[in-house]
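As provided, upload.pdb (PDB, N, CA and C atoms) reads as follows.
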```pdb
MODEL        1
ATOM      1  N   MET A   1       0.858  -1.166   0.000
ATOM      2  CA  MET A   1       0.000   0.000   0.000
ATOM      3  C   MET A   1       0.902   1.227   0.000
ATOM      4  N   ASN A   2       0.590   2.212  -0.771
ATOM      5  CA  ASN A   2       1.411   3.407  -0.897
ATOM      6  C   ASN A   2       0.710   4.569  -0.196
ATOM      7  N   ILE A   3       1.390   5.162   0.791
ATOM      8  CA  ILE A   3       0.810   6.288   1.534
ATOM      9  C   ILE A   3       1.716   7.495   1.320
ATOM     10  N   GLU A   4       1.154   8.585   0.863
ATOM     11  CA  GLU A   4       1.914   9.812   0.628
ATOM     12  C   GLU A   4       1.221  10.963   1.331
ATOM     13  N   SER A   5       1.976  12.006   1.643
ATOM     14  CA  SER A   5       1.395  13.224   2.214
ATOM     15  C   SER A   5       1.566  14.344   1.204
ATOM     16  N   ARG A   6       0.600  15.243   1.143
ATOM     17  CA  ARG A   6       0.719  16.402   0.258
ATOM     18  C   ARG A   6       0.112  17.601   0.969
ATOM     19  N   GLU A   7       0.569  18.773   0.607
ATOM     20  CA  GLU A   7       0.086  20.000   1.241
ATOM     21  C   GLU A   7      -1.250  20.419   0.642
ATOM     22  N   THR A   8      -2.145  20.923   1.491
ATOM     23  CA  THR A   8      -3.418  21.460   1.024
ATOM     24  C   THR A   8      -3.321  22.980   0.978
ATOM     25  N   ASN A   9      -4.397  23.648   0.531
ATOM     26  CA  ASN A   9      -4.408  25.110   0.426
ATOM     27  C   ASN A   9      -4.188  25.799   1.768
ATOM     28  N   GLU A  10      -4.604  25.175   2.850
ATOM     29  CA  GLU A  10      -4.489  25.779   4.176
ATOM     30  C   GLU A  10      -3.103  25.575   4.772
ATOM     31  N   GLY A  11      -2.229  24.827   4.105
ATOM     32  CA  GLY A  11      -0.886  24.618   4.616
ATOM     33  C   GLY A  11      -0.745  23.360   5.463
ATOM     34  N   SER A  12      -1.862  22.724   5.804
ATOM     35  CA  SER A  12      -1.756  21.493   6.586
ATOM     36  C   SER A  12      -1.521  20.319   5.640
ATOM     37  N   GLN A  13      -1.114  19.238   6.181
ATOM     38  CA  GLN A  13      -0.856  18.068   5.344
ATOM     39  C   GLN A  13      -2.053  17.133   5.359
ATOM     40  N   LYS A  14      -2.352  16.583   4.220
ATOM     41  CA  LYS A  14      -3.457  15.645   4.077
ATOM     42  C   LYS A  14      -2.877  14.337   3.553
ATOM     43  N   THR A  15      -3.260  13.248   4.141
ATOM     44  CA  THR A  15      -2.719  11.960   3.742
ATOM     45  C   THR A  15      -3.458  11.425   2.535
ATOM     46  N   ASN A  16      -2.704  10.951   1.562
ATOM     47  CA  ASN A  16      -3.267  10.359   0.361
ATOM     48  C   ASN A  16      -2.977   8.860   0.405
ATOM     49  N   ILE A  17      -4.003   8.073   0.571
ATOM     50  CA  ILE A  17      -3.844   6.625   0.605
ATOM     51  C   ILE A  17      -4.344   6.081  -0.719
ATOM     52  N   GLU A  18      -3.425   5.540  -1.506
ATOM     53  CA  GLU A  18      -3.807   4.966  -2.788
ATOM     54  C   GLU A  18      -4.455   3.619  -2.551
ATOM     55  N   ASN A  19      -5.547   3.374  -3.226
ATOM     56  CA  ASN A  19      -6.221   2.089  -3.094
ATOM     57  C   ASN A  19      -5.485   1.050  -3.917
ATOM     58  N   GLU A  20      -4.955   0.102  -3.232
ATOM     59  CA  GLU A  20      -4.222  -0.966  -3.875
ATOM     60  C   GLU A  20      -4.692  -2.260  -3.223
ATOM     61  N   LYS A  21      -5.126  -3.220  -4.028
ATOM     62  CA  LYS A  21      -5.604  -4.469  -3.471
ATOM     63  C   LYS A  21      -4.426  -5.282  -2.957
ATOM     64  N   VAL A  22      -4.567  -5.737  -1.745
ATOM     65  CA  VAL A  22      -3.529  -6.541  -1.125
ATOM     66  C   VAL A  22      -4.020  -7.966  -1.067
ATOM     67  N   ASN A  23      -3.185  -8.895  -1.456
ATOM     68  CA  ASN A  23      -3.540 -10.300  -1.410
ATOM     69  C   ASN A  23      -3.229 -10.845  -0.020
ATOM     70  N   ILE A  24      -4.257 -10.950   0.819
ATOM     71  CA  ILE A  24      -4.028 -11.412   2.187
ATOM     72  C   ILE A  24      -3.796 -12.906   2.257
ATOM     73  N   ASP A  25      -4.141 -13.638   1.200
ATOM     74  CA  ASP A  25      -3.932 -15.079   1.190
ATOM     75  C   ASP A  25      -2.527 -15.449   0.731
ATOM     76  N   GLU A  26      -1.769 -14.450   0.297
ATOM     77  CA  GLU A  26      -0.445 -14.717  -0.224
ATOM     78  C   GLU A  26       0.405 -15.404   0.836
ATOM     79  N   GLY A  27       0.977 -16.516   0.479
ATOM     80  CA  GLY A  27       1.834 -17.239   1.407
ATOM     81  C   GLY A  27       1.090 -18.227   2.279
ATOM     82  N   LEU A  28      -0.219 -18.188   2.291
ATOM     83  CA  LEU A  28      -0.989 -19.132   3.086
ATOM     84  C   LEU A  28      -1.353 -20.337   2.239
ATOM     85  N   GLU A  29      -1.360 -21.481   2.859
ATOM     86  CA  GLU A  29      -1.773 -22.673   2.132
ATOM     87  C   GLU A  29      -3.291 -22.684   2.045
ATOM     88  N   THR A  30      -3.811 -22.975   0.880
ATOM     89  CA  THR A  30      -5.254 -22.993   0.696
ATOM     90  C   THR A  30      -5.713 -24.414   0.390
ATOM     91  N   GLU A  31      -5.257 -25.347   1.212
ATOM     92  CA  GLU A  31      -5.639 -26.741   1.042
ATOM     93  C   GLU A  31      -7.011 -26.971   1.640
ATOM     94  N   LYS A  32      -7.773 -27.822   0.989
ATOM     95  CA  LYS A  32      -9.050 -28.220   1.568
ATOM     96  C   LYS A  32      -8.772 -29.243   2.662
ATOM     97  N   VAL A  33      -9.626 -29.251   3.652
ATOM     98  CA  VAL A  33      -9.478 -30.195   4.746
ATOM     99  C   VAL A  33      -9.819 -31.588   4.232
ATOM    100  N   ASN A  34      -8.961 -32.537   4.502
ATOM    101  CA  ASN A  34      -9.217 -33.911   4.107
ATOM    102  C   ASN A  34      -9.994 -34.587   5.236
ATOM    103  N   ILE A  35     -11.299 -34.725   5.041
ATOM    104  CA  ILE A  35     -12.137 -35.272   6.103
ATOM    105  C   ILE A  35     -11.866 -36.749   6.354
ATOM    106  N   GLU A  36     -11.304 -37.442   5.379
ATOM    107  CA  GLU A  36     -10.984 -38.863   5.561
ATOM    108  C   GLU A  36      -9.936 -39.049   6.653
ATOM    109  N   ASP A  37      -9.031 -38.065   6.809
ATOM    110  CA  ASP A  37      -7.980 -38.150   7.825
ATOM    111  C   ASP A  37      -8.495 -37.811   9.218
ATOM    112  N   ARG A  38      -9.580 -37.093   9.290
ATOM    113  CA  ARG A  38     -10.067 -36.610  10.585
ATOM    114  C   ARG A  38     -11.214 -37.435  11.162
ATOM    115  N   PHE A  39     -11.935 -38.153  10.321
ATOM    116  CA  PHE A  39     -13.112 -38.883  10.772
ATOM    117  C   PHE A  39     -13.059 -40.324  10.287
ATOM    118  N   THR A  40     -13.906 -41.152  10.887
ATOM    119  CA  THR A  40     -14.072 -42.516  10.378
ATOM    120  C   THR A  40     -14.766 -42.420   9.026
ATOM    121  N   SER A  41     -14.752 -43.494   8.274
ATOM    122  CA  SER A  41     -15.352 -43.446   6.936
ATOM    123  C   SER A  41     -16.850 -43.162   6.990
ATOM    124  N   LYS A  42     -17.538 -43.702   7.991
ATOM    125  CA  LYS A  42     -18.977 -43.470   8.119
ATOM    126  C   LYS A  42     -19.269 -42.002   8.463
ATOM    127  N   THR A  43     -18.496 -41.456   9.391
ATOM    128  CA  THR A  43     -18.682 -40.053   9.772
ATOM    129  C   THR A  43     -18.323 -39.139   8.615
ATOM    130  N   ALA A  44     -17.258 -39.465   7.882
ATOM    131  CA  ALA A  44     -16.861 -38.673   6.714
ATOM    132  C   ALA A  44     -17.974 -38.664   5.674
ATOM    133  N   ALA A  45     -18.648 -39.808   5.501
ATOM    134  CA  ALA A  45     -19.766 -39.878   4.558
ATOM    135  C   ALA A  45     -20.899 -38.960   5.019
ATOM    136  N   HIS A  46     -21.154 -38.914   6.330
ATOM    137  CA  HIS A  46     -22.180 -38.018   6.876
ATOM    138  C   HIS A  46     -21.812 -36.560   6.617
ATOM    139  N   VAL A  47     -20.550 -36.222   6.824
ATOM    140  CA  VAL A  47     -20.095 -34.842   6.611
ATOM    141  C   VAL A  47     -20.275 -34.449   5.148
ATOM    142  N   ARG A  48     -19.884 -35.336   4.237
ATOM    143  CA  ARG A  48     -20.044 -35.042   2.802
ATOM    144  C   ARG A  48     -21.507 -34.862   2.425
ATOM    145  N   LYS A  49     -22.373 -35.688   3.004
ATOM    146  CA  LYS A  49     -23.806 -35.587   2.712
ATOM    147  C   LYS A  49     -24.377 -34.264   3.228
ATOM    148  N   LEU A  50     -23.944 -33.842   4.409
ATOM    149  CA  LEU A  50     -24.397 -32.561   4.962
ATOM    150  C   LEU A  50     -23.892 -31.392   4.126
ATOM    151  N   LEU A  51     -22.643 -31.467   3.699
ATOM    152  CA  LEU A  51     -22.083 -30.404   2.870
ATOM    153  C   LEU A  51     -22.839 -30.301   1.547
ATOM    154  N   ALA A  52     -23.195 -31.433   0.979
ATOM    155  CA  ALA A  52     -23.972 -31.429  -0.270
ATOM    156  C   ALA A  52     -25.364 -30.836  -0.043
ATOM    157  N   ALA A  53     -25.958 -31.124   1.099
ATOM    158  CA  ALA A  53     -27.307 -30.641   1.395
ATOM    159  C   ALA A  53     -27.339 -29.153   1.739
ATOM    160  N   PHE A  54     -26.342 -28.661   2.481
ATOM    161  CA  PHE A  54     -26.386 -27.295   2.995
ATOM    162  C   PHE A  54     -25.436 -26.331   2.301
ATOM    163  N   GLY A  55     -24.366 -26.804   1.710
ATOM    164  CA  GLY A  55     -23.383 -25.905   1.113
ATOM    165  C   GLY A  55     -22.691 -25.095   2.189
ATOM    166  N   SER A  56     -22.019 -24.035   1.779
ATOM    167  CA  SER A  56     -21.259 -23.247   2.755
ATOM    168  C   SER A  56     -21.996 -21.999   3.232
ATOM    169  N   THR A  57     -23.190 -21.762   2.728
ATOM    170  CA  THR A  57     -23.905 -20.547   3.125
ATOM    171  C   THR A  57     -25.137 -20.807   3.986
ATOM    172  N   THR A  58     -25.688 -21.999   3.929
ATOM    173  CA  THR A  58     -26.909 -22.310   4.666
ATOM    174  C   THR A  58     -26.610 -22.554   6.141
ATOM    175  N   VAL A  59     -27.413 -21.965   7.000
ATOM    176  CA  VAL A  59     -27.308 -22.163   8.441
ATOM    177  C   VAL A  59     -28.178 -23.356   8.811
ATOM    178  N   PHE A  60     -27.620 -24.263   9.622
ATOM    179  CA  PHE A  60     -28.355 -25.467   9.995
ATOM    180  C   PHE A  60     -28.088 -25.816  11.449
ATOM    181  N   GLY A  61     -28.940 -26.661  11.985
ATOM    182  CA  GLY A  61     -28.810 -27.102  13.368
ATOM    183  C   GLY A  61     -29.072 -28.587  13.480
ATOM    184  N   ARG A  62     -29.242 -29.048  14.700
ATOM    185  CA  ARG A  62     -29.410 -30.474  14.967
ATOM    186  C   ARG A  62     -30.615 -31.066  14.253
ATOM    187  N   SER A  63     -31.728 -30.362  14.260
ATOM    188  CA  SER A  63     -32.935 -30.920  13.643
ATOM    189  C   SER A  63     -32.770 -31.110  12.141
ATOM    190  N   GLU A  64     -32.065 -30.182  11.478
ATOM    191  CA  GLU A  64     -31.813 -30.332  10.042
ATOM    192  C   GLU A  64     -30.873 -31.508   9.767
ATOM    193  N   VAL A  65     -29.893 -31.699  10.649
ATOM    194  CA  VAL A  65     -28.979 -32.843  10.515
ATOM    195  C   VAL A  65     -29.767 -34.145  10.659
ATOM    196  N   GLN A  66     -30.682 -34.174  11.611
ATOM    197  CA  GLN A  66     -31.528 -35.358  11.802
ATOM    198  C   GLN A  66     -32.335 -35.659  10.546
ATOM    199  N   GLN A  67     -32.912 -34.644   9.942
ATOM    200  CA  GLN A  67     -33.725 -34.844   8.745
ATOM    201  C   GLN A  67     -32.902 -35.363   7.576
ATOM    202  N   VAL A  68     -31.734 -34.768   7.354
ATOM    203  CA  VAL A  68     -30.910 -35.140   6.207
ATOM    204  C   VAL A  68     -30.304 -36.529   6.372
ATOM    205  N   LEU A  69     -29.814 -36.840   7.572
ATOM    206  CA  LEU A  69     -29.089 -38.094   7.793
ATOM    207  C   LEU A  69     -29.931 -39.202   8.402
ATOM    208  N   GLY A  70     -31.074 -38.857   8.950
ATOM    209  CA  GLY A  70     -31.918 -39.865   9.586
ATOM    210  C   GLY A  70     -31.354 -40.362  10.914
ATOM    211  N   LEU A  71     -30.595 -39.511  11.588
ATOM    212  CA  LEU A  71     -29.998 -39.872  12.871
ATOM    213  C   LEU A  71     -30.894 -39.419  14.020
ATOM    214  N   LYS A  72     -30.657 -39.994  15.182
ATOM    215  CA  LYS A  72     -31.351 -39.562  16.399
ATOM    216  C   LYS A  72     -30.731 -38.259  16.885
ATOM    217  N   ALA A  73     -31.408 -37.572  17.810
ATOM    218  CA  ALA A  73     -30.963 -36.276  18.320
ATOM    219  C   ALA A  73     -29.580 -36.353  18.963
ATOM    220  N   THR A  74     -29.328 -37.369  19.757
ATOM    221  CA  THR A  74     -28.052 -37.486  20.465
ATOM    222  C   THR A  74     -26.890 -37.646  19.494
ATOM    223  N   ARG A  75     -27.036 -38.511  18.521
ATOM    224  CA  ARG A  75     -25.960 -38.729  17.539
ATOM    225  C   ARG A  75     -25.765 -37.496  16.667
ATOM    226  N   SER A  76     -26.840 -36.797  16.325
ATOM    227  CA  SER A  76     -26.730 -35.572  15.539
ATOM    228  C   SER A  76     -25.951 -34.506  16.303
ATOM    229  N   SER A  77     -26.227 -34.374  17.596
ATOM    230  CA  SER A  77     -25.502 -33.413  18.433
ATOM    231  C   SER A  77     -24.023 -33.783  18.534
ATOM    232  N   ALA A  78     -23.749 -35.059  18.691
ATOM    233  CA  ALA A  78     -22.361 -35.524  18.774
ATOM    234  C   ALA A  78     -21.613 -35.265  17.468
ATOM    235  N   LEU A  79     -22.284 -35.472  16.347
ATOM    236  CA  LEU A  79     -21.671 -35.217  15.041
ATOM    237  C   LEU A  79     -21.351 -33.732  14.885
ATOM    238  N   LEU A  80     -22.281 -32.864  15.239
ATOM    239  CA  LEU A  80     -22.043 -31.433  15.166
ATOM    240  C   LEU A  80     -20.874 -31.021  16.058
ATOM    241  N   SER A  81     -20.802 -31.595  17.243
ATOM    242  CA  SER A  81     -19.708 -31.304  18.168
ATOM    243  C   SER A  81     -18.369 -31.738  17.576
ATOM    244  N   GLU A  82     -18.321 -32.927  17.008
ATOM    245  CA  GLU A  82     -17.099 -33.425  16.362
ATOM    246  C   GLU A  82     -16.677 -32.517  15.218
ATOM    247  N   MET A  83     -17.644 -32.133  14.399
ATOM    248  CA  MET A  83     -17.353 -31.290  13.236
ATOM    249  C   MET A  83     -16.820 -29.924  13.671
ATOM    250  N   GLN A  84     -17.356 -29.393  14.745
ATOM    251  CA  GLN A  84     -16.893 -28.101  15.244
ATOM    252  C   GLN A  84     -15.474 -28.223  15.796
ATOM    253  N   LYS A  85     -15.194 -29.272  16.548
ATOM    254  CA  LYS A  85     -13.850 -29.481  17.098
ATOM    255  C   LYS A  85     -12.808 -29.624  15.996
ATOM    256  N   GLN A  86     -13.195 -30.222  14.877
ATOM    257  CA  GLN A  86     -12.265 -30.440  13.770
ATOM    258  C   GLN A  86     -12.164 -29.233  12.829
ATOM    259  N   GLY A  87     -12.942 -28.183  13.099
ATOM    260  CA  GLY A  87     -12.863 -26.971  12.298
ATOM    261  C   GLY A  87     -13.581 -27.065  10.961
ATOM    262  N   ILE A  88     -14.566 -27.945  10.859
ATOM    263  CA  ILE A  88     -15.330 -28.111   9.627
ATOM    264  C   ILE A  88     -16.497 -27.125   9.581
ATOM    265  N   ILE A  89     -17.090 -26.857  10.748
ATOM    266  CA  ILE A  89     -18.213 -25.924  10.853
ATOM    267  C   ILE A  89     -17.890 -24.873  11.906
ATOM    268  N   GLU A  90     -18.653 -23.779  11.871
ATOM    269  CA  GLU A  90     -18.509 -22.731  12.879
ATOM    270  C   GLU A  90     -19.890 -22.336  13.396
ATOM    271  N   PRO A  91     -19.976 -21.944  14.668
ATOM    272  CA  PRO A  91     -21.262 -21.481  15.202
ATOM    273  C   PRO A  91     -21.643 -20.158  14.556
ATOM    274  N   VAL A  92     -22.956 -19.953  14.393
ATOM    275  CA  VAL A  92     -23.469 -18.720  13.797
ATOM    276  C   VAL A  92     -24.218 -17.954  14.877
ATOM    277  N   ALA A  93     -23.811 -16.717  15.080
ATOM    278  CA  ALA A  93     -24.469 -15.869  16.074
ATOM    279  C   ALA A  93     -25.703 -15.224  15.464
ATOM    280  N   GLY A  94     -26.708 -15.001  16.290
ATOM    281  CA  GLY A  94     -27.898 -14.296  15.842
ATOM    282  C   GLY A  94     -28.946 -15.165  15.171
ATOM    283  N   GLN A  95     -28.717 -16.456  15.101
ATOM    284  CA  GLN A  95     -29.672 -17.371  14.474
ATOM    285  C   GLN A  95     -30.306 -18.321  15.489
ATOM    286  N   GLY A  96     -29.994 -18.123  16.754
ATOM    287  CA  GLY A  96     -30.473 -19.020  17.789
ATOM    288  C   GLY A  96     -29.349 -19.942  18.220
ATOM    289  N   LYS A  97     -29.551 -20.568  19.357
ATOM    290  CA  LYS A  97     -28.521 -21.454  19.897
ATOM    291  C   LYS A  97     -28.403 -22.718  19.046
ATOM    292  N   GLY A  98     -27.186 -23.176  18.847
ATOM    293  CA  GLY A  98     -26.965 -24.440  18.145
ATOM    294  C   GLY A  98     -27.102 -24.354  16.643
ATOM    295  N   LYS A  99     -26.796 -23.215  16.077
ATOM    296  CA  LYS A  99     -26.853 -23.065  14.607
ATOM    297  C   LYS A  99     -25.430 -22.942  14.083
ATOM    298  N   TYR A 100     -25.178 -23.603  12.954
ATOM    299  CA  TYR A 100     -23.836 -23.686  12.395
ATOM    300  C   TYR A 100     -23.866 -23.466  10.890
ATOM    301  N   ARG A 101     -22.651 -23.296  10.316
ATOM    302  CA  ARG A 101     -22.477 -23.287   8.868
ATOM    303  C   ARG A 101     -21.079 -23.833   8.575
ATOM    304  N   PHE A 102     -20.931 -24.378   7.367
ATOM    305  CA  PHE A 102     -19.644 -24.914   6.956
ATOM    306  C   PHE A 102     -18.675 -23.760   6.699
ATOM    307  N   LEU A 103     -17.412 -23.995   6.992
ATOM    308  CA  LEU A 103     -16.366 -23.006   6.723
ATOM    309  C   LEU A 103     -15.966 -23.055   5.269
TER
ENDMDL
END
```

As structure tokens, what does this structure read like?
Amino acid sequence: MNIESRETNEGSQKTNIENEKVNIDEGLETEKVNIEDRFTSKTAAHVRKLLAAFGSTTVFGRSEVQQVLGLKATRSSALLSEMQKQGIIEPVAGQGKGKYRFL
């Protein structure tokens, strides 16, 4: 980013900040998370099915997981907890308790 100062008519200095796009991802690895390494094959299949159903923008909770996967409430909660610990999903504020979305 280039920042320069220049004099104005009143004699004071005014900062000129040129708009330059900075690549904040530069140098960071942009690998997708390999769910096969983090979960059992059955759990990984559940994660893939949820990702296909909700994508990365839809907010979902335990009841939606139950509907999509046909799991009981306890197992759905455990799956969401596992996914959050592994950094696959994040909690969403302002949508009610227990709402998540994929990262």

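Closest approach to Leu103 in chain A from the set A:Arg75, A:Ser56, A:Val68, A:Arg62 is made by A:Ser56, with distances taken over only N, CA and C atoms.
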
Margin query: Give me, as a ChimeraX atom specification, all polymer residues having an atom no more than 6.5 Å from Pro91 in chain A, counting only N, CA and C atoms and skipping those fewer than 5 positions away in the same chain.
Written below: /A:99-101

Selection file, N, CA and C atoms, as a PDB file, keeping the file's coordinate frame:
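Result written to part-v2.pdb:
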```pdb
ATOM      1  N   LYS A  99     -26.796 -23.215  16.077  1.00  0.00           N
ATOM      2  CA  LYS A  99     -26.853 -23.065  14.607  1.00  0.00           C
ATOM      3  C   LYS A  99     -25.430 -22.942  14.083  1.00  0.00           C
ATOM      4  N   TYR A 100     -25.178 -23.603  12.954  1.00  0.00           N
ATOM      5  CA  TYR A 100     -23.836 -23.686  12.395  1.00  0.00           C
ATOM      6  C   TYR A 100     -23.866 -23.466  10.890  1.00  0.00           C
ATOM      7  N   ARG A 101     -22.651 -23.296  10.316  1.00  0.00           N
ATOM      8  CA  ARG A 101     -22.477 -23.287   8.868  1.00  0.00           C
ATOM      9  C   ARG A 101     -21.079 -23.833   8.575  1.00  0.00           C
TER      10      ARG A 101
END
```

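Taking only C-alpha atoms, the non-local environment of Glu64 in chain A within 10 Å (same-chain residues fewer than 2 positions away omitted) comprises Leu50, Ala53, Phe54, Val59, Phe60, Gly61, Arg62, Gln66, Gln67, Val68, Leu69, Gly70, Ser76 and Lys99 of chain A.
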
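The space separating atom C of Ala78 in chain A from CA of Thr57 in chain A comes to 20.7 Å.
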
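Nearest residue to Ala44 in chain A among A:Gln84, A:Phe102, A:Gln95, A:Leu79 is A:Leu79, counting only C-alpha atoms.
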
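Atom N of Thr74 in chain A is found 20.2 Å from atom C of Gln86 in chain A.
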
Taking all atoms of range 83-97 of chain A that the file lists, what box with edges along x, y and z, padded by 5 Å per side, do you get, with centre and edge lengths in Å to one decimal, as lines of an AutoDock Vina configuration file?
```
center_x = -21.3
center_y = -23.2
center_z = 14.7
size_x = 28.3
size_y = 27.8
size_z = 20.3
```

Item checked: From A:Leu71, A:Lys49, A:Asn34, A:Thr43, residue lying nearest Gly87 in chain A [only C-alpha atoms] -> A:Asn34

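Atom N of Arg48 in chain A sits 9.7 Å away from CA of Glu36 in chain A.
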
Next item on the list: Taking the chain letters and numbering used in this document, name the residues of range 26-103 of chain A that DSSP puts in alpha helix (DSSP H), as a PyMOL selection string.
Entry: chain A and resi 35-38+41-54+62-69+73-85
